[in-house]
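Enquirer: Here you go, model_21.tsv (TSV, C-alpha atoms):
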chain	number	residue	atom	x	y	z
A	12	MET	CA	236.88	40.42	384.48
A	13	THR	CA	236.14	38.87	381.11
A	14	ALA	CA	234.19	35.65	381.11
A	15	SER	CA	233.02	33.38	378.39
A	16	VAL	CA	229.34	34.12	377.77
A	17	VAL	CA	226.96	31.86	375.85
A	18	GLY	CA	223.31	32.46	375.05
A	19	ILE	CA	221.16	29.46	374.20
A	20	SER	CA	217.94	30.08	372.30
A	21	GLY	CA	215.42	27.29	372.77
A	22	SER	CA	212.85	28.86	370.48
A	23	PRO	CA	211.88	26.91	367.36
A	24	GLY	CA	211.58	30.22	365.49
A	25	SER	CA	214.49	32.44	364.49
A	26	VAL	CA	212.44	35.50	365.47
A	27	SER	CA	210.81	35.28	368.88
A	28	ARG	CA	210.22	37.26	372.05
A	29	SER	CA	212.41	34.86	374.04
A	30	ARG	CA	215.26	35.34	371.58
A	31	THR	CA	214.81	39.12	371.78
A	32	LEU	CA	215.25	38.96	375.57
A	33	LEU	CA	218.26	36.66	375.13
A	34	GLU	CA	219.92	39.13	372.77
A	35	LEU	CA	219.18	41.93	375.23
A	36	ALA	CA	220.84	39.87	378.00
A	37	LEU	CA	223.93	39.17	375.89
A	38	ALA	CA	224.28	42.87	375.05
A	39	SER	CA	223.89	43.77	378.72
A	40	LEU	CA	226.54	41.26	379.80
A	41	GLU	CA	228.93	42.67	377.20
A	42	ARG	CA	228.34	46.24	378.46
A	43	GLN	CA	229.11	45.03	381.99
A	44	GLY	CA	232.44	43.63	380.85
A	45	ALA	CA	231.49	39.96	381.12
A	46	GLY	CA	232.64	39.33	377.56
A	47	THR	CA	231.17	39.09	374.10
A	48	GLY	CA	228.50	36.44	373.96
A	49	ARG	CA	228.06	33.64	371.50
A	50	LEU	CA	224.45	32.88	370.60
A	51	ILE	CA	223.55	29.24	370.03
A	52	ASP	CA	220.29	28.89	368.10
A	53	LEU	CA	219.07	25.35	368.80
A	54	ALA	CA	216.52	25.53	365.95
A	55	ARG	CA	219.40	25.71	363.47
A	56	LEU	CA	221.04	22.51	364.72
A	57	PRO	CA	220.19	19.15	363.10
A	58	ALA	CA	217.31	17.39	364.87
A	59	ASP	CA	218.82	13.90	364.54
A	60	ALA	CA	221.95	15.05	366.34
A	61	LEU	CA	219.98	16.87	369.05
A	62	LEU	CA	218.08	13.64	369.61
A	63	GLY	CA	221.38	11.76	369.97
A	64	ARG	CA	220.78	9.64	366.85
A	65	ARG	CA	223.99	10.74	365.13
A	66	GLU	CA	227.14	12.76	365.71
A	67	ASP	CA	227.32	16.29	364.37
A	68	ARG	CA	230.16	18.79	364.52
A	69	ASP	CA	227.87	21.81	365.08
A	70	VAL	CA	226.05	20.14	367.98
A	71	ALA	CA	229.36	19.01	369.49
A	72	GLU	CA	230.71	22.58	369.23
A	73	ALA	CA	227.53	24.00	370.82
A	74	LEU	CA	227.80	21.53	373.70
A	75	GLN	CA	231.48	22.34	374.20
A	76	ALA	CA	230.86	26.10	374.12
A	77	THR	CA	228.10	25.62	376.69
A	78	GLN	CA	230.41	23.64	378.97
A	79	ASP	CA	233.25	26.15	378.53
A	80	ALA	CA	231.14	29.22	379.31
A	81	ALA	CA	231.36	31.01	382.63
A	82	ILE	CA	227.93	32.59	382.16
A	83	LEU	CA	224.96	31.11	380.31
A	84	ALA	CA	221.79	32.94	379.38
A	85	VAL	CA	219.11	30.42	378.44
A	86	SER	CA	215.86	31.47	376.79
A	87	THR	CA	212.74	29.60	375.83
A	88	PRO	CA	209.13	30.15	375.01
A	89	ILE	CA	206.81	28.35	377.41
A	90	TYR	CA	204.70	25.63	375.79
A	91	ARG	CA	202.27	23.51	377.77
A	92	ALA	CA	203.56	25.02	381.03
A	93	THR	CA	207.24	24.20	380.46
A	94	TYR	CA	210.34	25.00	378.40
A	95	SER	CA	210.66	23.99	374.76
A	96	GLY	CA	211.47	20.47	373.60
A	97	LEU	CA	214.53	21.86	371.81
A	98	LEU	CA	215.95	22.98	375.13
A	99	LYS	CA	215.14	19.64	376.72
A	100	VAL	CA	216.90	17.51	374.11
A	101	PHE	CA	219.96	19.80	374.10
A	102	PHE	CA	220.34	19.67	377.88
A	103	ASP	CA	219.82	15.89	377.80
A	104	LEU	CA	223.07	15.68	375.80
A	105	LEU	CA	225.10	17.33	378.56
A	106	PRO	CA	226.89	15.08	381.05
A	107	GLN	CA	225.89	15.16	384.71
A	108	ASP	CA	227.32	18.27	386.42
A	109	ALA	CA	228.53	19.62	383.05
A	110	LEU	CA	227.71	23.14	384.20
A	111	ALA	CA	229.09	22.92	387.73
A	112	GLY	CA	230.55	26.30	388.64
A	113	LYS	CA	228.76	28.06	385.76
A	114	ILE	CA	226.29	30.88	386.29
A	115	ALA	CA	222.96	30.73	384.46
A	116	ILE	CA	220.23	33.26	383.71
A	117	PRO	CA	216.78	31.75	383.06
A	118	ILE	CA	214.71	33.66	380.48
A	119	ALA	CA	211.23	32.66	379.33
A	120	THR	CA	208.26	34.12	377.52
A	121	GLY	CA	204.62	33.17	377.37
A	122	GLY	CA	201.30	34.46	376.18
A	123	GLY	CA	200.27	35.66	379.61
A	124	PRO	CA	201.08	35.60	383.31
A	125	THR	CA	199.64	32.11	383.90
A	126	HIS	CA	202.94	30.42	383.07
A	127	LEU	CA	205.18	32.70	385.13
A	128	LEU	CA	206.05	29.89	387.53
A	129	ALA	CA	207.46	27.80	384.66
A	130	VAL	CA	210.71	29.70	385.24
A	131	ASP	CA	210.93	28.43	388.83
A	132	HIS	CA	209.32	25.03	388.36
A	133	GLY	CA	210.83	24.08	385.02
A	134	LEU	CA	213.69	26.18	383.71
A	135	ARG	CA	215.51	26.78	387.01
A	136	PRO	CA	215.52	23.02	387.92
A	137	LEU	CA	216.68	22.13	384.39
A	138	LEU	CA	219.71	24.40	384.77
A	139	ALA	CA	220.42	23.23	388.31
A	140	SER	CA	220.16	19.57	387.24
A	141	VAL	CA	223.43	19.96	385.31
A	142	GLY	CA	225.11	21.89	388.10
A	143	ALA	CA	224.57	25.54	387.11
A	144	LEU	CA	224.25	28.24	389.75
A	145	VAL	CA	221.07	30.02	388.70
A	146	VAL	CA	220.77	33.75	389.46
A	147	ALA	CA	218.01	34.83	391.83
A	148	THR	CA	216.30	37.01	389.23
A	149	GLY	CA	214.56	34.95	386.58
A	150	VAL	CA	213.10	36.73	383.57
A	151	TYR	CA	209.58	36.09	382.31
A	152	GLY	CA	207.94	38.21	379.64
A	153	THR	CA	204.38	38.18	378.35
A	154	ASP	CA	202.91	39.25	375.03
A	155	ALA	CA	201.54	42.40	376.69
A	156	GLN	CA	205.09	43.47	377.66
A	157	PHE	CA	206.19	43.77	374.01
A	158	ARG	CA	205.37	46.55	371.56
A	159	ASN	CA	206.45	46.05	367.96
A	160	GLY	CA	208.88	43.34	369.09
A	161	THR	CA	210.49	45.51	371.79
A	162	PRO	CA	210.19	44.73	375.51
A	163	ASP	CA	208.75	47.40	377.78
A	164	THR	CA	210.93	49.25	380.28
A	165	ALA	CA	210.08	47.05	383.29
A	166	LEU	CA	210.95	43.86	381.40
A	167	ALA	CA	214.19	45.33	380.03
A	168	GLU	CA	215.12	46.40	383.56
A	169	ARG	CA	214.50	42.86	384.82
A	170	VAL	CA	216.88	41.51	382.16
A	171	GLU	CA	219.44	44.11	383.25
A	172	ARG	CA	219.08	43.09	386.90
A	173	ALA	CA	219.51	39.39	386.09
A	174	THR	CA	222.63	40.06	384.01
A	175	LEU	CA	224.09	42.27	386.71
A	176	GLU	CA	223.64	39.42	389.20
A	177	ALA	CA	225.33	36.99	386.80
A	178	ALA	CA	228.25	39.30	386.04
A	179	SER	CA	228.72	40.02	389.76
A	180	LEU	CA	228.70	36.32	390.64
A	181	ALA	CA	231.16	35.55	387.83
A	182	SER	CA	233.55	38.21	389.09
A	183	GLY	CA	233.11	37.24	392.74
A	184	VAL	CA	231.43	40.53	393.69
A	185	THR	CA	228.13	40.57	395.55
A	186	THR	CA	225.34	43.00	394.62
Let me see the structure of the file written as structure tokens.

Expert:
Amino acid sequence: MTASVVGISGSPGSVSRSRTLLELALASLERQGAGTGRLIDLARLPADALLGRREDRDVAEALQATQDAAILAVSTPIYRATYSGLLKVFFDLLPQDALAGKIAIPIATGGGPTHLLAVDHGLRPLLASVGALVVATGVYGTDAQFRNGTPDTALAERVERATLEAASLASGVTT
């Protein structure tokens, strides 16, 4: 089964731990036969368009790709106990139930374990608010789980588990 896969990076930086986990998830989904993923880097999109102040072709294409995807992997650093503002403004542009029937993988990173629940109390409800079916396994990585920009084995395995759940749901197979 080949599905449309989209990764959304909510990090304001082009190099980040959350983006690293997102890229790992997209590669995992491709290995599982879910399809080649398209990465949408919200930091590269024009701020005025993300804020809804003007129309922009790149933002419109990103929104359409998001709505057309069967599987979404969404990553964000955690700031002030919640997902990034970039992610918030992008999801605010989606119509109600725009992701109904889509499967989503929540991925977040933070400095330490104190913000672990931001996945369940912030990111998961954000995805569900637009209709996405969020996989049971959320991914949260801390600074201590990265060495030289690479996630440790336990964190990489958690990403693998989340993507396996998403690919299985997309193909109608239970794990």

Enquirer: Please list as a list in words every residue within 10 Å of Ala73 in chain A, counting all atoms listed in the file and excluding residues in the same chain fewer than 5 positions away.

Expert: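 My reading of the contact set: Val17, Ile19, Arg49, Leu50, Ile51, Asp52, Leu53, Leu56, Arg68, Gln78, Asp79 and Phe101 of chain A.
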
Enquirer: Write a file of the selected residues as an mmCIF file, in the frame of the given file, keeping C-alpha atoms.

Expert:
data_model
loop_
_atom_site.group_PDB
_atom_site.id
_atom_site.type_symbol
_atom_site.label_atom_id
_atom_site.label_comp_id
_atom_site.auth_asym_id
_atom_site.auth_seq_id
_atom_site.Cartn_x
_atom_site.Cartn_y
_atom_site.Cartn_z
ATOM 1 C CA VAL A 17 226.960 31.860 375.850
ATOM 2 C CA ILE A 19 221.160 29.460 374.200
ATOM 3 C CA ARG A 49 228.060 33.640 371.500
ATOM 4 C CA LEU A 50 224.450 32.880 370.600
ATOM 5 C CA ILE A 51 223.550 29.240 370.030
ATOM 6 C CA ASP A 52 220.290 28.890 368.100
ATOM 7 C CA LEU A 53 219.070 25.350 368.800
ATOM 8 C CA LEU A 56 221.040 22.510 364.720
ATOM 9 C CA ARG A 68 230.160 18.790 364.520
ATOM 10 C CA GLN A 78 230.410 23.640 378.970
ATOM 11 C CA ASP A 79 233.250 26.150 378.530
ATOM 12 C CA PHE A 101 219.960 19.800 374.100
#

Enquirer: Contacts of Pro106 in chain A at 10 Å or less, counting all atoms listed in the file, minus same-chain residues fewer than 2 places along, as a list of chain:residue names?

Expert: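 So, after excluding close chain neighbours, the residues are A:Leu74, A:Gln78, A:Phe102, A:Asp103, A:Leu104, A:Asp108, A:Ala109, A:Leu110, A:Val141, A:Gly142.
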
Enquirer: Assuming 8 Å of padding per side, give the centre and edge lengths of the axis-aligned box around every listed atom of range 99-110 of chain A, in Å to one decimal and as JSON.

Expert:
{"center_x": 221.8, "center_y": 19.1, "center_z": 380.3, "size_x": 29.4, "size_y": 24.1, "size_z": 28.3}

Enquirer: Pick out the residues sitting within 12 Å of Asp154 in chain A, and hand them over as number ranges by chain; count all atoms listed in the file, and ignore anything fewer than 6 positions along from it in its own chain.

Expert: A: 27-29, 88-89, 119-126, 160-163, 166

Enquirer: Nearest to Gly18 in chain A: which of A:Gln107, A:Thr31, A:Ser86, A:Thr148 is it, counting all atoms listed in the file?

Expert: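 With all atoms listed in the file as the atom set, the closest residue is A:Ser86.
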
Enquirer: Point out the residue among A:Val16, A:Ala36, A:Ala58, A:Ala84 with the least atom-to-atom distance to Arg169 in chain A, counting only C-alpha atoms.

Expert: A:Ala36

Enquirer: Applying 12 Å and only C-alpha atoms, which residues near range 40-48 of chain A remain after dropping the ones on its own chain fewer than 3 positions away? List them as a PyMOL selection string.

Expert: chain A and resi 12-19+33-37+51+76-77+80-84+114+116+170-182

Enquirer: So the first atom is CA of Leu138 in chain A and the second is CA of Ser22 in chain A; what is the distance between them in Å, to one decimal place?

Expert: 16.5 Å

Enquirer: Could you state the separation of CA of Thr87 in chain A and CA of Ser20 in chain A in Å, given to one decimal place?

Expert: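 Separating CA of Thr87 in chain A from CA of Ser20 in chain A is a distance of 6.3 Å.
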
Enquirer: Using all atoms listed in the file, pick whichever of A:Ser25, A:Asn159, A:Ser95, A:Ser39 has the shortest atom-to-atom distance to Gly133 in chain A.

Expert: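 Using all atoms listed in the file, Gly133 in chain A sits closest to A:Ser95.
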
Enquirer: Enter the distance from CA of Gly24 in chain A to CA of Leu98 in chain A, in Å, rounded to one decimal.

Expert: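 That distance, rounded to one decimal, is 12.8 Å.
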
Enquirer: Measuring atom to atom with all atoms listed in the file, identify which of A:Val130, A:Ala155, A:Leu32, A:Val150 is nearest to Thr93 in chain A.

Expert: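 Ranked by minimum distance to Thr93 in chain A, first place goes to A:Val130.
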
Enquirer: From the set A:Ala129, A:Ala167, A:Thr153, A:Asp59, which residue has the shortest atom-to-atom contact distance to Arg91 in chain A, counting all atoms listed in the file?

Expert: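 Looking at the shortest contact to Arg91 in chain A, the residue is A:Ala129.
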
Enquirer: Which one of A:Ala165, A:Leu105, A:Ala143, A:Ala38 sits closest to Ala71 in chain A if you count all atoms listed in the file?

Expert: A:Leu105

Enquirer: At a cut-off of 10 Å, using only C-alpha atoms, what residues contact Pro57 in chain A? Leave out same-chain residues fewer than 5 positions from it and give the result as number ranges by chain.

Expert: A: 62, 65-67, 69-70
